Amino acid sequence: MSIIKLKAYVNQLNMDKKNSHTYRALSSFEMIENVDLMIKRYLDEPQTQKGAILLDVFGLLQGLFVAIDAIYDLAIGLTQYKYHVNINSNPILHELKYIRNDIVGHPTHRTYYDGGTGFSILKTEPMTKDKIVYDTYIYLKNKVEVQVKEVNFRELLDNYEKEKEIILNDIYEYLMHHETKTQIPERLFTLYETLNLNDLSDIVKSFRDTYHLNKDSKHRFFWRANLVKTLIDWHEDDQLMNRVILYISKLQVSKMYEMALDMENRKGVDLYTALPDVISDFYKFMRKNEKDGLKLLSNVHDYDHPLHQSDLLALMSLNPPKDVYHLLKYLKESKSEEKVYLIGSILRAYRPKK
């Protein structure tokens, strides 16, 4: 297993107490291994009593939540970056934080914009270690919405194990890779100007070959490359939206450029793209409405978040300028998870005044 090879690699490093990265990696290893023991015990030990099942379920959800944090910290400890980790690209694991919050974190009281409240209730019959079902009741302005969620723990654990092994293997391959200088950053510099799909495809292949990453790799370089492909293929009749799309396209390529430079321990130039007017107007709108609006930005980029739609509606109710309202409406009506992420991330990038 990759974790064994990685641990052997770390154990050979100089244990300098002034170097926090090594100890960050060791701490992460220990936590990942501890959670593996928890998972084995969870699977090996049958339970029939409600209290025992709940204890195991609560422990497992919290353990997985901590283990995913440990995987990110392991990548940072060993490579200084989290480029090899993108848990959110797995839809099953992406939901883990919501499930954990619903069951373990804040089941008895959630507060929403405009005074809404929510409560989650586990269905105790039937309840097993294989599957649980719970209802979330959301009350807003004398109306109630009931959301039903089923959690299949075998599916959750299978996805965790698969993603963990892919990530640890990618990190190990990177550590074994001899430092080299490629033309990948320079080719990305050109892509920033051309936004050519064939060039993008060639760059992705070169990156995969250079760092010995297989087709299952979840490296963030490939994730951003897929976002760029979506952006290059994305055209609207609305010129306001097309200007936003062009801006985001260049921004995502610039992030790939920075990543490629970091992988080679190099410095490059600053690829600056001016904000389109509608995004500047949104930031000005937020500056005037920070008290009510700032708390509504956390989930605008997350299509699957339970508060995504309601937070956008709340932003639209704050009377934004016409073009900003149009952009928010487009975001609310979009059925594409990728497009929601791309636009929402730009809005979420607003920085409050100090």
# chains A, B, ... in the order shown; residues from 1 in each chain; ligands from 1

call {"tool": "select_by_dssp", "arguments": {"residues": "range 38-280 of chain A", "states": "alpha helix (DSSP H)", "output": "ChimeraX atom specification"}}
result
/A:38-44,50-79,91-94,96-100,153-176,184-194,197-210,220-232,239-263,277-280

call {"tool": "select_by_dssp", "arguments": {"residues": "range 139-354 of chain A", "states": "strand (DSSP E)", "output": "list in words"}}
result
Tyr139, Leu140, Lys143, Val144, Glu145, Val146, Gln147, Val148, Lys149, Glu150, Val151 and Asn152 of chain A

call {"tool": "write_last_selection", "arguments": {"atoms": "C-alpha atoms", "output": "mmCIF file, in the first residue's frame"}}
result
data_model
loop_
_atom_site.group_PDB
_atom_site.id
_atom_site.type_symbol
_atom_site.label_atom_id
_atom_site.label_comp_id
_atom_site.auth_asym_id
_atom_site.auth_seq_id
_atom_site.Cartn_x
_atom_site.Cartn_y
_atom_site.Cartn_z
ATOM 1 C CA TYR A 139 -38.891 26.129 8.750
ATOM 2 C CA LEU A 140 -39.008 29.488 6.985
ATOM 3 C CA LYS A 143 -43.542 27.082 5.651
ATOM 4 C CA VAL A 144 -41.800 23.785 6.197
ATOM 5 C CA GLU A 145 -39.596 21.847 3.787
ATOM 6 C CA VAL A 146 -38.691 18.248 4.598
ATOM 7 C CA GLN A 147 -35.505 16.825 3.093
ATOM 8 C CA VAL A 148 -34.934 13.059 3.330
ATOM 9 C CA LYS A 149 -31.386 11.698 3.239
ATOM 10 C CA GLU A 150 -30.251 8.072 3.053
ATOM 11 C CA VAL A 151 -26.653 7.254 3.977
ATOM 12 C CA ASN A 152 -25.117 4.012 2.695
#

call {"tool": "residues_around", "arguments": {"residues": "Ile167 in chain A", "least_positions_apart": "2", "cutoff": "8 Å", "atoms": "only C-alpha atoms", "output": "list in words"}}
result
His84, Val85, Glu163, Lys164, Glu165, Asn169, Asp170, Ile171, Ser217, Lys218 and His219 of chain A

call {"tool": "atom_distance", "arguments": {"atom1": "CA of Leu60 in chain A", "atom2": "CA of Lys82 in chain A"}}
result
24.2 Å

call {"tool": "residues_around", "arguments": {"residues": "Lys322 in chain A", "least_positions_apart": "6", "cutoff": "10 Å", "atoms": "only C-alpha atoms", "output": "number ranges by chain"}}
result
A: 278, 281, 328

call {"tool": "residues_around", "arguments": {"residues": "Gln80 in chain A", "least_positions_apart": "4", "cutoff": "9 Å", "atoms": "only C-alpha atoms", "output": "PyMOL selection string"}}
result
chain A and resi 21+75-76

call {"tool": "write_last_selection", "arguments": {"atoms": "C-alpha atoms", "output": "compact mmCIF listing (two decimals), in the first residue's frame"}}
result
# COMPACT_ATOMS: atom_id res chain seq x y z
CA HIS A 21 6.40 19.88 7.63
CA ALA A 75 0.03 16.35 1.13
CA ILE A 76 1.04 19.76 2.49

call {"tool": "residues_around", "arguments": {"residues": "range 123-133 of chain A", "least_positions_apart": "2", "cutoff": "12 Å", "atoms": "only C-alpha atoms", "output": "ChimeraX atom specification"}}
result
/A:39,41-61,99,102-103,120-121,135-136,147-157

call {"tool": "write_last_selection", "arguments": {"atoms": "N, CA, C and O atoms", "output": "short mmCIF file (atom, residue, chain, number, x, y, z; two decimals), in the first residue's frame"}}
result
data_model
loop_
_atom_site.label_atom_id
_atom_site.label_comp_id
_atom_site.auth_asym_id
_atom_site.auth_seq_id
_atom_site.Cartn_x
_atom_site.Cartn_y
_atom_site.Cartn_z
N ILE A 39 -12.28 2.02 11.02
CA ILE A 39 -13.10 1.47 9.93
C ILE A 39 -13.14 -0.05 10.00
O ILE A 39 -14.20 -0.67 9.85
N ARG A 41 -12.71 -1.96 12.61
CA ARG A 41 -13.54 -2.35 13.76
C ARG A 41 -15.02 -2.15 13.44
O ARG A 41 -15.87 -2.97 13.80
N TYR A 42 -15.33 -1.08 12.77
CA TYR A 42 -16.72 -0.79 12.40
C TYR A 42 -17.29 -1.90 11.53
O TYR A 42 -18.43 -2.34 11.73
N LEU A 43 -16.48 -2.36 10.57
CA LEU A 43 -16.96 -3.39 9.64
C LEU A 43 -16.98 -4.79 10.28
O LEU A 43 -17.81 -5.62 9.93
N ASP A 44 -16.05 -5.03 11.20
CA ASP A 44 -15.92 -6.37 11.77
C ASP A 44 -16.88 -6.66 12.91
O ASP A 44 -17.16 -7.82 13.20
N GLU A 45 -17.36 -5.62 13.56
CA GLU A 45 -18.13 -5.83 14.78
C GLU A 45 -19.61 -5.51 14.56
O GLU A 45 -20.01 -4.35 14.47
N PRO A 46 -20.46 -6.53 14.46
CA PRO A 46 -21.90 -6.28 14.25
C PRO A 46 -22.53 -5.68 15.50
O PRO A 46 -22.10 -5.96 16.63
N GLN A 47 -23.54 -4.86 15.30
CA GLN A 47 -24.29 -4.27 16.41
C GLN A 47 -25.78 -4.36 16.09
O GLN A 47 -26.19 -4.22 14.93
N THR A 48 -26.59 -4.58 17.11
CA THR A 48 -28.04 -4.63 16.92
C THR A 48 -28.76 -3.62 17.80
O THR A 48 -29.86 -3.19 17.46
N GLN A 49 -28.15 -3.24 18.92
CA GLN A 49 -28.80 -2.29 19.82
C GLN A 49 -28.63 -0.86 19.29
O GLN A 49 -27.56 -0.49 18.81
N LYS A 50 -29.67 -0.08 19.44
CA LYS A 50 -29.69 1.29 18.91
C LYS A 50 -28.52 2.13 19.43
O LYS A 50 -27.83 2.81 18.66
N GLY A 51 -28.27 2.06 20.75
CA GLY A 51 -27.19 2.87 21.33
C GLY A 51 -25.84 2.52 20.77
O GLY A 51 -25.02 3.40 20.48
N ALA A 52 -25.59 1.22 20.58
CA ALA A 52 -24.31 0.77 20.04
C ALA A 52 -24.16 1.20 18.58
O ALA A 52 -23.07 1.61 18.14
N ILE A 53 -25.25 1.11 17.82
CA ILE A 53 -25.20 1.52 16.41
C ILE A 53 -24.91 3.01 16.31
O ILE A 53 -24.07 3.46 15.52
N LEU A 54 -25.60 3.80 17.14
CA LEU A 54 -25.39 5.25 17.11
C LEU A 54 -23.96 5.62 17.48
O LEU A 54 -23.35 6.51 16.87
N LEU A 55 -23.42 4.95 18.49
CA LEU A 55 -22.05 5.23 18.90
C LEU A 55 -21.08 4.95 17.76
O LEU A 55 -20.16 5.74 17.49
N ASP A 56 -21.28 3.84 17.07
CA ASP A 56 -20.41 3.49 15.95
C ASP A 56 -20.58 4.46 14.78
O ASP A 56 -19.60 4.87 14.14
N VAL A 57 -21.81 4.83 14.47
CA VAL A 57 -22.08 5.74 13.36
C VAL A 57 -21.48 7.12 13.63
O VAL A 57 -20.82 7.71 12.77
N PHE A 58 -21.69 7.63 14.85
CA PHE A 58 -21.14 8.93 15.19
C PHE A 58 -19.60 8.91 15.10
O PHE A 58 -18.98 9.82 14.56
N GLY A 59 -19.01 7.85 15.64
CA GLY A 59 -17.55 7.73 15.61
C GLY A 59 -17.01 7.62 14.20
O GLY A 59 -15.99 8.24 13.87
N LEU A 60 -17.69 6.86 13.35
CA LEU A 60 -17.24 6.69 11.98
C LEU A 60 -17.30 8.00 11.21
O LEU A 60 -16.34 8.38 10.52
N LEU A 61 -18.42 8.71 11.31
CA LEU A 61 -18.56 9.96 10.57
C LEU A 61 -17.52 10.99 11.01
O LEU A 61 -16.92 11.68 10.18
N ILE A 99 -23.50 15.56 5.74
CA ILE A 99 -24.07 14.46 6.53
C ILE A 99 -23.55 14.51 7.96
O ILE A 99 -24.31 14.38 8.92
N ASP A 102 -25.23 17.28 9.79
CA ASP A 102 -26.64 16.98 10.06
C ASP A 102 -26.81 16.01 11.22
O ASP A 102 -27.73 16.14 12.03
N ILE A 103 -25.91 15.01 11.30
CA ILE A 103 -26.08 13.94 12.29
C ILE A 103 -25.27 14.18 13.55
O ILE A 103 -25.75 14.02 14.67
N SER A 120 -32.66 18.08 12.29
CA SER A 120 -32.52 16.76 11.67
C SER A 120 -32.94 15.68 12.67
O SER A 120 -32.57 15.74 13.85
N ILE A 121 -33.70 14.71 12.18
CA ILE A 121 -34.22 13.64 13.02
C ILE A 121 -33.90 12.29 12.37
O ILE A 121 -34.30 12.03 11.23
N ASP A 135 -34.43 12.72 8.39
CA ASP A 135 -35.19 13.83 7.82
C ASP A 135 -34.66 15.13 8.38
O ASP A 135 -34.33 15.23 9.57
N THR A 136 -34.57 16.15 7.52
CA THR A 136 -34.24 17.50 7.97
C THR A 136 -35.44 18.40 7.71
O THR A 136 -35.91 18.50 6.58
N GLN A 147 -36.50 17.46 3.95
CA GLN A 147 -35.51 16.82 3.09
C GLN A 147 -35.14 15.47 3.69
O GLN A 147 -34.79 15.38 4.87
N VAL A 148 -35.23 14.42 2.88
CA VAL A 148 -34.93 13.06 3.33
C VAL A 148 -33.58 12.64 2.78
O VAL A 148 -33.31 12.80 1.58
N LYS A 149 -32.72 12.12 3.65
CA LYS A 149 -31.39 11.70 3.24
C LYS A 149 -31.12 10.27 3.69
O LYS A 149 -31.34 9.92 4.85
N GLU A 150 -30.65 9.45 2.75
CA GLU A 150 -30.25 8.07 3.05
C GLU A 150 -28.73 7.97 2.94
O GLU A 150 -28.14 8.44 1.97
N VAL A 151 -28.11 7.38 3.95
CA VAL A 151 -26.65 7.25 3.98
C VAL A 151 -26.28 5.78 3.93
O VAL A 151 -26.62 5.02 4.83
N ASN A 152 -25.59 5.38 2.86
CA ASN A 152 -25.12 4.01 2.69
C ASN A 152 -23.64 3.98 3.10
O ASN A 152 -22.79 4.51 2.40
N PHE A 153 -23.34 3.36 4.24
CA PHE A 153 -21.99 3.43 4.78
C PHE A 153 -20.99 2.60 3.99
O PHE A 153 -19.82 2.96 3.89
N ARG A 154 -21.41 1.51 3.42
CA ARG A 154 -20.49 0.71 2.59
C ARG A 154 -20.04 1.52 1.38
O ARG A 154 -18.85 1.54 1.03
N GLU A 155 -20.97 2.20 0.74
CA GLU A 155 -20.63 3.04 -0.41
C GLU A 155 -19.69 4.17 0.02
O GLU A 155 -18.72 4.48 -0.68
N LEU A 156 -19.97 4.78 1.15
CA LEU A 156 -19.13 5.86 1.67
C LEU A 156 -17.71 5.38 1.94
O LEU A 156 -16.72 6.01 1.55
N LEU A 157 -17.58 4.22 2.59
CA LEU A 157 -16.26 3.70 2.93
C LEU A 157 -15.50 3.23 1.70
O LEU A 157 -14.29 3.42 1.60
#

call {"tool": "atom_distance", "arguments": {"atom1": "CA of His308 in chain A", "atom2": "CA of Asn88 in chain A"}}
result
15.9 Å

call {"tool": "closest_residue", "arguments": {"among": "A:Asp302, A:Glu193, A:Asp292, A:Glu33", "to": "Tyr247 in chain A", "atoms": "only C-alpha atoms"}}
result
A:Glu193

call {"tool": "atom_distance", "arguments": {"atom1": "CA of Asn299 in chain A", "atom2": "CA of Tyr257 in chain A"}}
result
26.7 Å

call {"tool": "residues_around", "arguments": {"residues": "Val244 in chain A", "least_positions_apart": "4", "cutoff": "10 Å", "atoms": "only C-alpha atoms", "output": "list in words"}}
result
Gln239, Leu240, Ile248, Ser249, Leu275, Pro276, Asp277, Val278, Ile279, Leu327, Leu342, Ile343 and Ile346 of chain A

call {"tool": "closest_residue", "arguments": {"among": "A:Ile71, A:Leu122, A:Met38, A:Leu64", "to": "Glu95 in chain A", "atoms": "only C-alpha atoms"}}
result
A:Leu64
